[in-house]
$ cat input.csv   # CSV, C-alpha atoms and all ligand atoms
chain,number,residue,atom,x,y,z
A,1,MET,CA,0.0,0.0,0.0
A,2,LEU,CA,2.7,2.5,1.1
A,3,ARG,CA,4.7,1.5,-2.0
A,4,ARG,CA,1.7,2.3,-4.2
A,5,VAL,CA,1.2,5.7,-2.6
A,6,LEU,CA,4.9,6.5,-3.0
A,7,HIS,CA,4.8,5.4,-6.6
A,8,ARG,CA,1.9,7.7,-7.3
A,9,LEU,CA,3.6,10.6,-5.6
A,10,PHE,CA,7.1,10.2,-7.0
A,11,GLY,CA,6.8,7.6,-9.8
A,12,SER,CA,9.0,4.5,-9.9
A,13,LYS,CA,12.4,4.7,-11.5
A,14,LYS,CA,13.8,1.3,-11.9
A,15,ALA,CA,17.6,1.4,-12.7
A,16,LEU,CA,18.7,-0.3,-15.9
A,17,ARG,CA,20.6,-3.4,-15.1
A,18,ASN,CA,23.9,-4.1,-16.8
A,19,ARG,CA,25.5,-7.4,-17.4
A,20,ALA,CA,29.3,-7.6,-17.9
A,21,ILE,CA,32.0,-10.2,-18.1
A,22,VAL,CA,34.8,-9.5,-15.7
A,23,LEU,CA,38.3,-11.0,-15.1
A,24,SER,CA,37.9,-12.8,-11.8
A,25,ARG,CA,41.2,-14.8,-11.9
A,26,ARG,CA,44.2,-14.7,-14.2
A,27,PRO,CA,44.4,-17.8,-16.4
A,28,ASN,CA,47.3,-20.2,-16.0
A,29,GLY,CA,47.6,-21.3,-19.6
A,30,GLU,CA,44.2,-22.0,-21.2
A,31,ILE,CA,41.2,-20.1,-19.9
A,32,ARG,CA,39.3,-22.2,-17.2
A,33,ASN,CA,35.8,-21.9,-15.9
A,34,GLY,CA,35.8,-19.2,-13.2
A,35,ASP,CA,38.5,-17.0,-14.8
A,36,LEU,CA,35.8,-15.0,-16.5
A,37,THR,CA,32.5,-14.4,-14.7
A,38,LEU,CA,29.2,-12.8,-15.5
A,39,GLU,CA,28.3,-9.9,-13.1
A,40,THR,CA,25.2,-7.8,-12.9
A,41,PHE,CA,25.0,-4.2,-11.6
A,42,ASP,CA,23.0,-1.0,-12.1
A,43,VAL,CA,23.7,1.4,-15.0
A,44,PRO,CA,24.5,4.8,-13.6
A,45,ASP,CA,22.4,7.8,-14.8
A,46,ILE,CA,24.3,9.9,-17.4
A,47,GLU,CA,25.6,13.3,-16.5
A,48,ASP,CA,26.0,16.4,-18.7
A,49,GLY,CA,28.3,15.7,-21.7
A,50,GLU,CA,27.8,11.9,-21.4
A,51,ILE,CA,26.1,9.3,-23.5
A,52,LEU,CA,24.6,5.8,-22.8
A,53,ILE,CA,25.5,3.2,-25.4
A,54,GLU,CA,23.7,-0.2,-25.6
A,55,SER,CA,26.0,-2.9,-27.1
A,56,LEU,CA,24.7,-4.7,-30.2
A,57,TRP,CA,27.8,-6.6,-31.2
A,58,LEU,CA,31.0,-7.4,-29.4
A,59,SER,CA,34.3,-8.2,-31.0
A,60,LEU,CA,36.5,-10.9,-29.6
A,61,ASP,CA,40.2,-10.5,-30.5
A,62,PRO,CA,43.3,-12.6,-29.7
A,63,TYR,CA,45.1,-9.6,-28.1
A,64,MET,CA,42.8,-9.8,-25.2
A,65,ARG,CA,44.4,-13.1,-24.0
A,66,PRO,CA,47.9,-11.7,-23.3
A,67,GLN,CA,46.3,-8.7,-21.5
A,68,MET,CA,44.8,-11.1,-19.0
A,69,ASN,CA,48.3,-12.0,-17.8
A,70,ASP,CA,50.0,-10.0,-15.0
A,71,MET,CA,52.7,-8.9,-17.3
A,72,GLU,CA,53.7,-5.5,-18.7
A,73,SER,CA,53.6,-5.3,-22.5
A,74,TYR,CA,52.3,-2.6,-24.9
A,75,GLN,CA,49.0,-2.8,-23.0
A,76,ASP,CA,48.5,-2.6,-19.3
A,77,PRO,CA,47.2,-5.9,-17.7
A,78,ILE,CA,43.5,-6.0,-17.1
A,79,LEU,CA,42.8,-5.6,-13.4
A,80,ILE,CA,41.2,-8.4,-11.4
A,81,GLY,CA,37.5,-7.6,-11.1
A,82,GLY,CA,37.7,-5.3,-14.2
A,83,VAL,CA,35.4,-5.6,-17.1
A,84,MET,CA,37.1,-7.3,-20.1
A,85,PRO,CA,38.2,-4.7,-22.6
A,86,GLY,CA,36.9,-4.8,-26.2
A,87,GLU,CA,35.3,-3.0,-29.0
A,88,VAL,CA,31.6,-3.0,-29.7
A,89,VAL,CA,29.1,-1.7,-32.2
A,90,GLY,CA,26.4,0.0,-30.2
A,91,ARG,CA,23.5,2.3,-30.3
A,92,VAL,CA,23.4,5.6,-28.5
A,93,SER,CA,20.2,5.1,-26.4
A,94,ASN,CA,20.5,8.3,-24.3
A,95,SER,CA,22.6,11.4,-24.9
A,96,ARG,CA,23.5,14.6,-22.9
A,97,SER,CA,26.3,15.4,-25.4
A,98,ASP,CA,26.1,17.7,-28.4
A,99,LYS,CA,28.2,15.3,-30.3
A,100,PHE,CA,25.9,12.3,-30.4
A,101,GLN,CA,22.2,11.8,-31.1
A,102,VAL,CA,20.0,9.1,-29.8
A,103,GLY,CA,20.0,6.3,-32.4
A,104,ASP,CA,23.5,6.9,-33.7
A,105,ILE,CA,25.3,3.6,-34.4
A,106,VAL,CA,28.9,3.8,-33.1
A,107,THR,CA,32.0,1.7,-32.6
A,108,CYS,CA,33.6,2.3,-29.2
A,109,HIS,CA,35.7,0.5,-26.6
A,110,ALA,CA,32.8,-0.4,-24.3
A,111,GLY,CA,34.3,-3.8,-23.1
A,112,TRP,CA,32.4,-7.0,-22.7
A,113,GLN,CA,29.2,-5.5,-21.3
A,114,GLU,CA,25.6,-4.7,-22.4
A,115,TYR,CA,25.6,-0.9,-21.5
A,116,TYR,CA,28.4,1.6,-21.4
A,117,VAL,CA,28.3,5.2,-20.1
A,118,ALA,CA,30.9,7.3,-22.0
A,119,SER,CA,32.0,10.9,-22.1
A,120,GLY,CA,30.9,12.3,-25.5
A,121,SER,CA,34.5,13.5,-25.9
A,122,GLU,CA,36.0,10.1,-25.3
A,123,ASP,CA,38.6,9.0,-27.9
A,124,GLY,CA,37.7,6.2,-30.1
A,125,ILE,CA,33.9,6.6,-30.4
A,126,HIS,CA,33.1,6.7,-34.1
A,127,VAL,CA,29.7,7.0,-35.8
A,128,VAL,CA,29.5,4.3,-38.5
A,129,GLU,CA,27.8,4.5,-41.9
A,130,PRO,CA,25.4,1.5,-42.0
A,131,GLU,CA,24.3,2.0,-45.6
A,132,GLY,CA,25.0,-1.1,-47.7
A,133,ILE,CA,27.1,-2.9,-45.1
A,134,PRO,CA,26.1,-5.0,-42.0
A,135,ILE,CA,27.0,-2.9,-38.9
A,136,GLN,CA,29.1,-5.7,-37.3
A,137,ALA,CA,31.5,-5.6,-40.3
A,138,TYR,CA,32.9,-2.5,-38.6
A,139,LEU,CA,34.4,-4.8,-36.0
A,140,GLY,CA,35.9,-7.1,-38.6
A,141,VAL,CA,36.7,-6.6,-42.3
A,142,ALA,CA,36.0,-2.9,-42.2
A,143,GLY,CA,37.1,-2.5,-38.6
A,144,MET,CA,40.2,-2.9,-36.5
A,145,PRO,CA,41.3,-6.3,-38.0
A,146,GLY,CA,40.8,-4.9,-41.6
A,147,ARG,CA,42.8,-1.8,-40.8
A,148,THR,CA,45.5,-4.0,-39.3
A,149,ALA,CA,45.7,-6.0,-42.4
A,150,TYR,CA,45.7,-2.9,-44.6
A,151,CYS,CA,48.4,-1.0,-42.6
A,152,GLY,CA,50.7,-4.0,-42.0
A,153,LEU,CA,50.6,-5.1,-45.6
A,154,MET,CA,50.7,-1.8,-47.4
A,155,TYR,CA,53.1,0.2,-45.1
A,156,LEU,CA,55.4,-2.6,-43.8
A,157,GLY,CA,55.0,-5.3,-46.4
A,158,LYS,CA,55.1,-2.9,-49.3
A,159,PRO,CA,53.9,-5.4,-51.9
A,160,VAL,CA,55.2,-5.2,-55.5
A,161,VAL,CA,53.5,-6.8,-58.5
A,162,GLY,CA,54.8,-10.4,-59.0
A,163,GLU,CA,56.1,-10.9,-55.4
A,164,THR,CA,55.1,-13.9,-53.3
A,165,VAL,CA,53.2,-13.2,-50.1
A,166,VAL,CA,52.6,-15.8,-47.4
A,167,VAL,CA,50.0,-15.1,-44.7
A,168,SER,CA,49.3,-17.3,-41.6
A,169,ALA,CA,45.8,-17.6,-39.9
A,170,ALA,CA,44.7,-17.0,-43.5
A,171,SER,CA,41.0,-17.6,-43.0
A,172,GLY,CA,40.8,-15.3,-40.0
A,173,ALA,CA,39.7,-11.7,-39.6
A,174,VAL,CA,43.1,-10.2,-40.4
A,175,GLY,CA,44.6,-12.9,-42.6
A,176,GLY,CA,41.6,-13.0,-45.0
A,177,VAL,CA,41.9,-9.3,-45.7
A,178,VAL,CA,45.7,-9.4,-46.1
A,179,GLY,CA,45.5,-12.1,-48.8
A,180,GLN,CA,42.8,-10.4,-50.7
A,181,LEU,CA,44.6,-7.0,-50.7
A,182,ALA,CA,47.8,-8.7,-51.7
A,183,LYS,CA,46.0,-10.2,-54.7
A,184,LYS,CA,44.8,-6.8,-55.7
A,185,GLN,CA,48.4,-5.6,-55.7
A,186,GLY,CA,49.3,-8.3,-58.2
A,187,CYS,CA,51.1,-10.7,-55.9
A,188,THR,CA,51.0,-14.5,-55.7
A,189,VAL,CA,49.4,-15.3,-52.3
A,190,VAL,CA,49.8,-18.4,-50.3
A,191,GLY,CA,47.8,-18.9,-47.1
A,192,ILE,CA,48.4,-21.2,-44.1
A,193,ALA,CA,45.3,-22.3,-42.1
A,194,GLY,CA,44.2,-25.0,-39.8
A,195,GLY,CA,41.9,-27.4,-41.6
A,196,SER,CA,40.8,-28.4,-45.1
A,197,LYS,CA,37.5,-26.5,-45.0
A,198,LYS,CA,39.4,-23.3,-44.0
A,199,CYS,CA,41.9,-23.8,-46.9
A,200,GLU,CA,39.1,-24.5,-49.4
A,201,TYR,CA,37.5,-21.2,-48.4
A,202,VAL,CA,40.7,-19.3,-48.6
A,203,VAL,CA,41.4,-20.4,-52.2
A,204,HIS,CA,37.9,-20.7,-53.6
A,205,GLU,CA,36.1,-17.8,-51.9
A,206,LEU,CA,38.9,-15.4,-51.0
A,207,GLY,CA,40.9,-16.0,-54.2
A,208,PHE,CA,44.3,-16.9,-52.7
A,209,ASP,CA,46.5,-18.9,-55.1
A,210,GLU,CA,47.1,-21.7,-52.6
A,211,CYS,CA,46.5,-22.6,-49.0
A,212,ILE,CA,48.4,-25.1,-46.8
A,213,ASN,CA,46.7,-26.9,-44.0
A,214,TYR,CA,49.4,-26.8,-41.3
A,215,LYS,CA,47.6,-29.5,-39.3
A,216,GLU,CA,48.4,-32.1,-41.9
A,217,GLY,CA,52.2,-31.8,-41.2
A,218,ASN,CA,55.1,-31.3,-43.6
A,219,LEU,CA,54.6,-27.6,-43.6
A,220,SER,CA,58.2,-26.8,-44.6
A,221,ALA,CA,58.1,-29.0,-47.7
A,222,LYS,CA,54.6,-27.9,-48.7
A,223,LEU,CA,55.6,-24.2,-48.3
A,224,LYS,CA,58.7,-24.8,-50.4
A,225,ALA,CA,56.6,-26.3,-53.2
A,226,ALA,CA,54.0,-23.6,-53.0
A,227,CYS,CA,56.7,-20.8,-53.2
A,228,PRO,CA,59.1,-21.8,-56.0
A,229,ASN,CA,60.5,-18.2,-56.1
A,230,GLY,CA,60.9,-17.9,-52.4
A,231,VAL,CA,58.9,-15.6,-50.1
A,232,ASP,CA,59.0,-11.8,-50.4
A,233,ILE,CA,56.5,-10.9,-47.7
A,234,TYR,CA,55.5,-13.1,-44.8
A,235,PHE,CA,52.6,-11.6,-42.8
A,236,GLU,CA,53.0,-13.0,-39.4
A,237,ASN,CA,49.9,-13.8,-37.3
A,238,VAL,CA,50.8,-17.0,-35.4
A,239,GLY,CA,54.5,-17.5,-34.6
A,240,GLY,CA,56.1,-20.7,-33.4
A,241,GLU,CA,56.7,-23.6,-35.8
A,242,THR,CA,55.1,-21.7,-38.7
A,243,SER,CA,57.6,-18.9,-38.4
A,244,LYS,CA,60.5,-21.4,-38.4
A,245,ALA,CA,59.1,-23.0,-41.5
A,246,ILE,CA,59.2,-19.7,-43.3
A,247,VAL,CA,62.8,-18.8,-42.4
A,248,PRO,CA,64.6,-20.8,-45.1
A,249,LEU,CA,62.3,-19.4,-47.8
A,250,LEU,CA,62.8,-15.7,-47.2
A,251,ASN,CA,64.3,-13.9,-50.2
A,252,GLU,CA,66.9,-11.2,-49.9
A,253,GLY,CA,65.1,-7.9,-49.3
A,254,SER,CA,62.0,-9.7,-47.9
A,255,ARG,CA,59.7,-8.0,-45.4
A,256,VAL,CA,58.0,-9.6,-42.3
A,257,PRO,CA,55.3,-7.4,-40.7
A,258,ILE,CA,54.8,-9.0,-37.3
A,259,CYS,CA,51.2,-8.6,-36.5
A,260,GLY,CA,50.8,-11.2,-33.7
A,261,PHE,CA,51.7,-14.7,-32.6
A,262,VAL,CA,48.5,-16.3,-31.4
A,263,SER,CA,50.0,-19.8,-31.2
A,264,VAL,CA,51.7,-18.9,-27.9
A,265,TYR,CA,49.1,-16.6,-26.3
A,266,ASN,CA,47.9,-19.4,-24.0
A,267,THR,CA,51.4,-20.2,-22.7
A,268,LYS,CA,52.0,-20.7,-19.0
A,269,SER,CA,55.3,-18.8,-19.2
A,270,PRO,CA,54.8,-15.7,-21.4
A,271,GLU,CA,58.1,-14.2,-20.2
A,272,SER,CA,60.2,-17.0,-21.8
A,273,VAL,CA,58.3,-17.3,-25.1
A,274,GLU,CA,60.3,-17.5,-28.3
A,275,THR,CA,58.7,-14.7,-30.3
A,276,PRO,CA,58.8,-14.1,-34.1
A,277,MET,CA,61.1,-11.2,-33.2
A,278,HIS,CA,63.6,-13.7,-31.8
A,279,ILE,CA,63.2,-16.2,-34.7
A,280,PHE,CA,63.6,-13.7,-37.6
A,281,GLY,CA,66.0,-11.5,-35.6
A,282,SER,CA,68.5,-14.4,-35.1
A,283,MET,CA,68.8,-15.2,-38.9
A,284,ASP,CA,72.2,-14.6,-40.4
A,285,SER,CA,70.7,-12.2,-42.8
A,286,PRO,CA,67.4,-11.1,-41.2
A,287,PRO,CA,64.5,-9.8,-43.2
A,288,GLU,CA,63.1,-6.3,-42.6
A,289,HIS,CA,60.9,-7.2,-39.7
A,290,ARG,CA,59.1,-5.6,-36.8
A,291,PHE,CA,56.1,-5.9,-34.5
A,292,PHE,CA,53.5,-3.3,-35.3
A,293,LEU,CA,50.3,-2.0,-33.8
A,294,VAL,CA,47.4,-0.8,-35.9
A,295,SER,CA,47.1,2.2,-33.7
A,296,GLU,CA,50.4,3.6,-35.2
A,297,TRP,CA,48.1,4.7,-38.1
A,298,GLN,CA,45.3,6.0,-35.9
A,299,ASP,CA,45.3,9.3,-37.9
A,300,GLN,CA,44.1,7.3,-40.9
A,301,HIS,CA,41.4,5.5,-39.0
A,302,GLN,CA,38.5,7.0,-40.8
A,303,GLU,CA,40.1,7.0,-44.3
A,304,ILE,CA,41.1,3.3,-44.2
A,305,THR,CA,37.7,2.3,-42.7
A,306,GLY,CA,36.1,4.1,-45.6
A,307,ILE,CA,38.3,2.3,-48.2
A,308,LEU,CA,37.6,-1.1,-46.6
A,309,ALA,CA,33.8,-0.5,-46.3
A,310,ASP,CA,33.6,0.5,-49.9
A,311,LEU,CA,35.4,-2.7,-50.9
A,312,VAL,CA,32.9,-4.7,-48.9
A,313,ARG,CA,30.0,-2.8,-50.5
A,314,SER,CA,31.3,-3.5,-54.0
A,315,GLY,CA,31.7,-7.2,-53.2
A,316,GLU,CA,35.5,-7.0,-53.8
A,317,LEU,CA,36.4,-7.8,-50.2
A,318,LYS,CA,34.8,-11.1,-48.8
A,319,TYR,CA,34.7,-12.3,-45.3
A,320,ARG,CA,33.1,-14.8,-42.9
A,321,GLU,CA,31.9,-14.5,-39.3
A,322,SER,CA,31.6,-16.9,-36.4
A,323,ILE,CA,28.8,-15.6,-34.2
A,324,ALA,CA,28.1,-16.5,-30.5
A,325,GLU,CA,24.7,-15.6,-29.3
A,326,GLY,CA,24.4,-13.6,-26.0
A,327,LEU,CA,27.0,-12.0,-23.8
A,328,GLU,CA,27.0,-15.0,-21.4
A,329,ASN,CA,28.5,-17.1,-24.2
A,330,ALA,CA,31.5,-14.8,-24.9
A,331,PRO,CA,34.0,-16.6,-22.7
A,332,GLN,CA,33.4,-19.9,-24.4
A,333,ALA,CA,33.6,-18.3,-27.9
A,334,PHE,CA,36.9,-16.6,-26.8
A,335,LYS,CA,38.4,-19.8,-25.6
A,336,GLY,CA,37.3,-21.5,-28.9
A,337,MET,CA,38.9,-18.7,-31.0
A,338,LEU,CA,42.3,-19.2,-29.3
A,339,ALA,CA,42.0,-22.8,-30.3
A,340,GLY,CA,41.1,-22.0,-33.9
A,341,LYS,CA,37.4,-23.0,-33.6
A,342,ASN,CA,36.3,-19.7,-35.1
A,343,PHE,CA,35.9,-19.6,-38.9
A,344,GLY,CA,36.3,-15.9,-39.8
A,345,LYS,CA,35.8,-12.9,-37.5
A,346,GLN,CA,34.6,-14.0,-34.0
A,347,LEU,CA,31.7,-11.9,-32.8
A,348,VAL,CA,29.2,-12.0,-30.0
A,349,HIS,CA,25.6,-10.8,-30.9
A,350,ILE,CA,24.1,-9.0,-27.9
A,351,ARG,CA,20.9,-7.5,-29.2
A,352,ASP,CA,19.3,-6.4,-32.5
B,1,LIG,N1,49.3,-5.8,-34.2
B,1,LIG,C1,48.0,-5.4,-34.2
B,1,LIG,O1,47.7,-4.2,-34.1
B,1,LIG,C2,46.9,-6.5,-34.3
B,1,LIG,C3,45.6,-6.2,-34.5
B,1,LIG,C4,44.7,-7.2,-34.7
B,1,LIG,C5,45.1,-8.5,-34.6
B,1,LIG,N2,46.4,-8.8,-34.4
B,1,LIG,C6,46.9,-10.2,-34.4
B,1,LIG,O2,46.5,-10.8,-35.7
B,1,LIG,C7,46.4,-12.2,-35.5
B,1,LIG,C8,45.1,-12.7,-36.1
B,1,LIG,O3,44.1,-12.1,-35.4
B,1,LIG,P1,42.6,-12.2,-35.9
B,1,LIG,O4,41.7,-11.2,-35.1
B,1,LIG,O5,42.5,-12.2,-37.3
B,1,LIG,O6,42.2,-13.7,-35.3
B,1,LIG,P2,41.7,-14.9,-36.2
B,1,LIG,O7,42.7,-15.2,-37.2
B,1,LIG,O8,40.3,-14.6,-36.8
B,1,LIG,O9,41.5,-16.0,-35.1
B,1,LIG,C9,42.7,-16.6,-34.5
B,1,LIG,C10,43.2,-17.7,-35.4
B,1,LIG,O10,44.5,-18.1,-35.0
B,1,LIG,C11,44.8,-19.4,-35.4
B,1,LIG,N3,45.5,-20.1,-34.4
B,1,LIG,C12,45.2,-20.4,-33.2
B,1,LIG,N4,46.1,-21.2,-32.6
B,1,LIG,C13,47.0,-21.4,-33.5
B,1,LIG,C14,48.2,-22.2,-33.5
B,1,LIG,N5,48.6,-22.9,-32.4
B,1,LIG,N6,48.9,-22.2,-34.6
B,1,LIG,C15,48.5,-21.6,-35.7
B,1,LIG,N7,47.4,-20.8,-35.8
B,1,LIG,C16,46.7,-20.8,-34.7
B,1,LIG,C17,43.4,-20.1,-35.7
B,1,LIG,O11,43.3,-20.3,-37.1
B,1,LIG,P3,43.7,-21.7,-37.7
B,1,LIG,O12,42.5,-22.6,-37.5
B,1,LIG,O13,43.9,-21.4,-39.1
B,1,LIG,O14,44.8,-22.2,-37.0
B,1,LIG,C18,42.4,-19.0,-35.2
B,1,LIG,O15,41.2,-19.1,-36.0
B,1,LIG,C19,46.6,-12.4,-34.0
B,1,LIG,O16,47.9,-12.8,-33.7
B,1,LIG,C20,46.3,-11.1,-33.4
B,1,LIG,O17,46.9,-10.9,-32.1
B,1,LIG,C21,47.3,-7.8,-34.2
$ encode --input "input.csv" --output "structure tokens" --more "lines below"
Ligand SMILES: NC(=O)c1ccc[n+]([C@@H]2O[C@H](COP(=O)([O-])OP(=O)(O)OC[C@H]3O[C@@H](n4cnc5c(N)ncnc54)[C@H](OP(=O)(O)O)[C@@H]3O)[C@@H](O)[C@H]2O)c1
Amino acid sequence: MLRRVLHRLFGSKKALRNRAIVLSRRPNGEIRNGDLTLETFDVPDIEDGEILIESLWLSLDPYMRPQMNDMESYQDPILIGGVMPGEVVGRVSNSRSDKFQVGDIVTCHAGWQEYYVASGSEDGIHVVEPEGIPIQAYLGVAGMPGRTAYCGLMYLGKPVVGETVVVSAASGAVGGVVGQLAKKQGCTVVGIAGGSKKCEYVVHELGFDECINYKEGNLSAKLKAACPNGVDIYFENVGGETSKAIVPLLNEGSRVPICGFVSVYNTKSPESVETPMHIFGSMDSPPEHRFFLVSEWQDQHQEITGILADLVRSGELKYRESIAEGLENAPQAFKGMLAGKNFGKQLVHIRD
């Protein structure tokens, strides 16, 4: 009765509830149940200058795994109890900022959660152009992985017509774009991927010249046969045995953009990992090689996003997605991606 009277007098304002995946414990090797947990809490009211974003799609990316370790690298470690970081495509559902309107579709670094309160002046919030392209493509082929492929290949790989380019994790979000762009530059492109279905897709859908299934063994011999003129550009995504198989094939003047080394991200001793920088750096005559971050070309974010989105609209850039349904399934999908269970860009669909 009292509650009904109070309700009539003041109205009832039920706080929005947020669900988030937090890092509860640092993994020791592979992610175990309990490392990542689902937490629920109230969404705060927005203040002047702020916006409320509801997540529609979440991107899962390999870089998140090393960030779960208690080790300094180019990114600070995620704090225990902290929301997992990550990029989403979201909808502005409330705005007290001049910069954003309710209904704007944006990409932003909201993390693994359903709602995000941001300052309207926060770096890295971009309104996307949904015309003629699925909005989630701004997390993949026309998003961070696509820009990574573009910058690593074009600025560090520097492809020349007739050269041979090898790319690992070839069916993935970055690798698939690297190979297609290299073909457009007039190169011969050889992919490396885990499984015959992935290799068929890489050749028949993405248009690579060849693709080697590293899980079948004999990688060195198969690479040698696929690259009779040696390798001019090796786009490094995985590290480990794959890098070692590339070493004897690198031509004089070759370039190795080191994008990542996912094969060792689950290691129990990250501090003693043999990285591609060690492997290529210790060659008698090392190729031009260095680890790079897509953020080095942050000033070209919008321009390159536009180029990639146009290539998707015209059908020149093809891609695949692996979609997990619901935020609660993000940890399992993430674990699967690190084991190669994804086929194309790994996403989590949160709401329509
Ligand atoms: N430097 C940057 O700014 C930047 C930005 C984005 C991404 N990256 C890096 O780019 C790489 C690819 O990322 P992505 O987002 O495109 O992921 P992705 O390729 O879509 O997914 C990861 C893939 O890694 C492969 N993989 C997993 N374990 C492996 C192993 N032991 N040996 C060989 N391959 C293995 C799997 O493909 P298979 O089934 O084919 O093995 C898996 O599908 C990662 O190293 C990531 O860290 C770097």
$ residues_near_ligand --input "input.csv" --ligand "ligand LIG 1 (chain B)" --cutoff "6 Å" --atoms "only C-alpha atoms and all ligand atoms" --output "PyMOL selection string"
chain A and resi 61-63+145+148+169+172-175+193-194+237-238+259-263+292-294+337-342+344-345
$ atom_distance --input "input.csv" --atom1 "atom CA of Ile80 of chain A" --atom2 "atom CA of Gly34 of chain A"
12.2 Å
$ residues_around --input "input.csv" --residues "Ile323 of chain A" --least-positions-apart "2" --cutoff "10 Å" --atoms "all atoms listed in the file" --output "ChimeraX atom specification"
/A:57-59,320-321,325-326,330,333,342-349
$ atom_distance --input "input.csv" --atom1 "atom CA of Gly157 of chain A" --atom2 "atom CA of Val177 of chain A"
13.7 Å
$ residues_around --input "input.csv" --residues "Ile21 of chain A" --least-positions-apart "5" --cutoff "6 Å" --atoms "only C-alpha atoms" --output "list in words"
Thr37, Leu38, Val83 and Trp112 of chain A
$ residues_around --input "input.csv" --residues "His289 of chain A" --least-positions-apart "2" --cutoff "7 Å" --atoms "only C-alpha atoms" --output "compact mmCIF listing (two decimals) with C-alpha atoms, in the frame of the given file"
# COMPACT_ATOMS: atom_id res chain seq x y z
CA ARG A 255 59.70 -8.00 -45.40
CA VAL A 256 58.00 -9.60 -42.30
CA PRO A 257 55.30 -7.40 -40.70
CA ILE A 258 54.80 -9.00 -37.30
CA PRO A 287 64.50 -9.80 -43.20
$ residues_around --input "input.csv" --residues "Gly253 of chain A" --least-positions-apart "6" --cutoff "10 Å" --atoms "all atoms listed in the file" --output "MDAnalysis selection string"
chainID A and resid 231:233 285:288
$ closest_residue --input "input.csv" --among "A:Ala221, A:Lys244, A:Ile51, A:Asn213" --to "Tyr201 of chain A" --atoms "only C-alpha atoms"
A:Asn213
$ atom_distance --input "input.csv" --atom1 "atom CA of Asp45 of chain A" --atom2 "atom CA of Ser24 of chain A"
26.0 Å
$ residues_around --input "input.csv" --residues "Val106 of chain A" --least-positions-apart "3" --cutoff "7 Å" --atoms "only C-alpha atoms" --output "PyMOL selection string"
chain A and resi 89-91+125-128
$ closest_residue --input "input.csv" --among "A:Thr305, A:Asn69, A:Gln332, A:Ser93" --to "Glu50 of chain A" --atoms "all atoms listed in the file"
A:Ser93
$ axis_aligned_box --input "input.csv" --around "segment 27-30 of chain A" --padding-each-side "8 Å" --output "JSON"
{"center_x": 45.9, "center_y": -19.9, "center_z": -18.6, "size_x": 19.4, "size_y": 20.2, "size_z": 21.2}
$ closest_residue --input "input.csv" --among "A:Ser55, A:Ser119, A:Gln113, A:Thr275" --to "Glu236 of chain A" --atoms "only C-alpha atoms"
A:Thr275
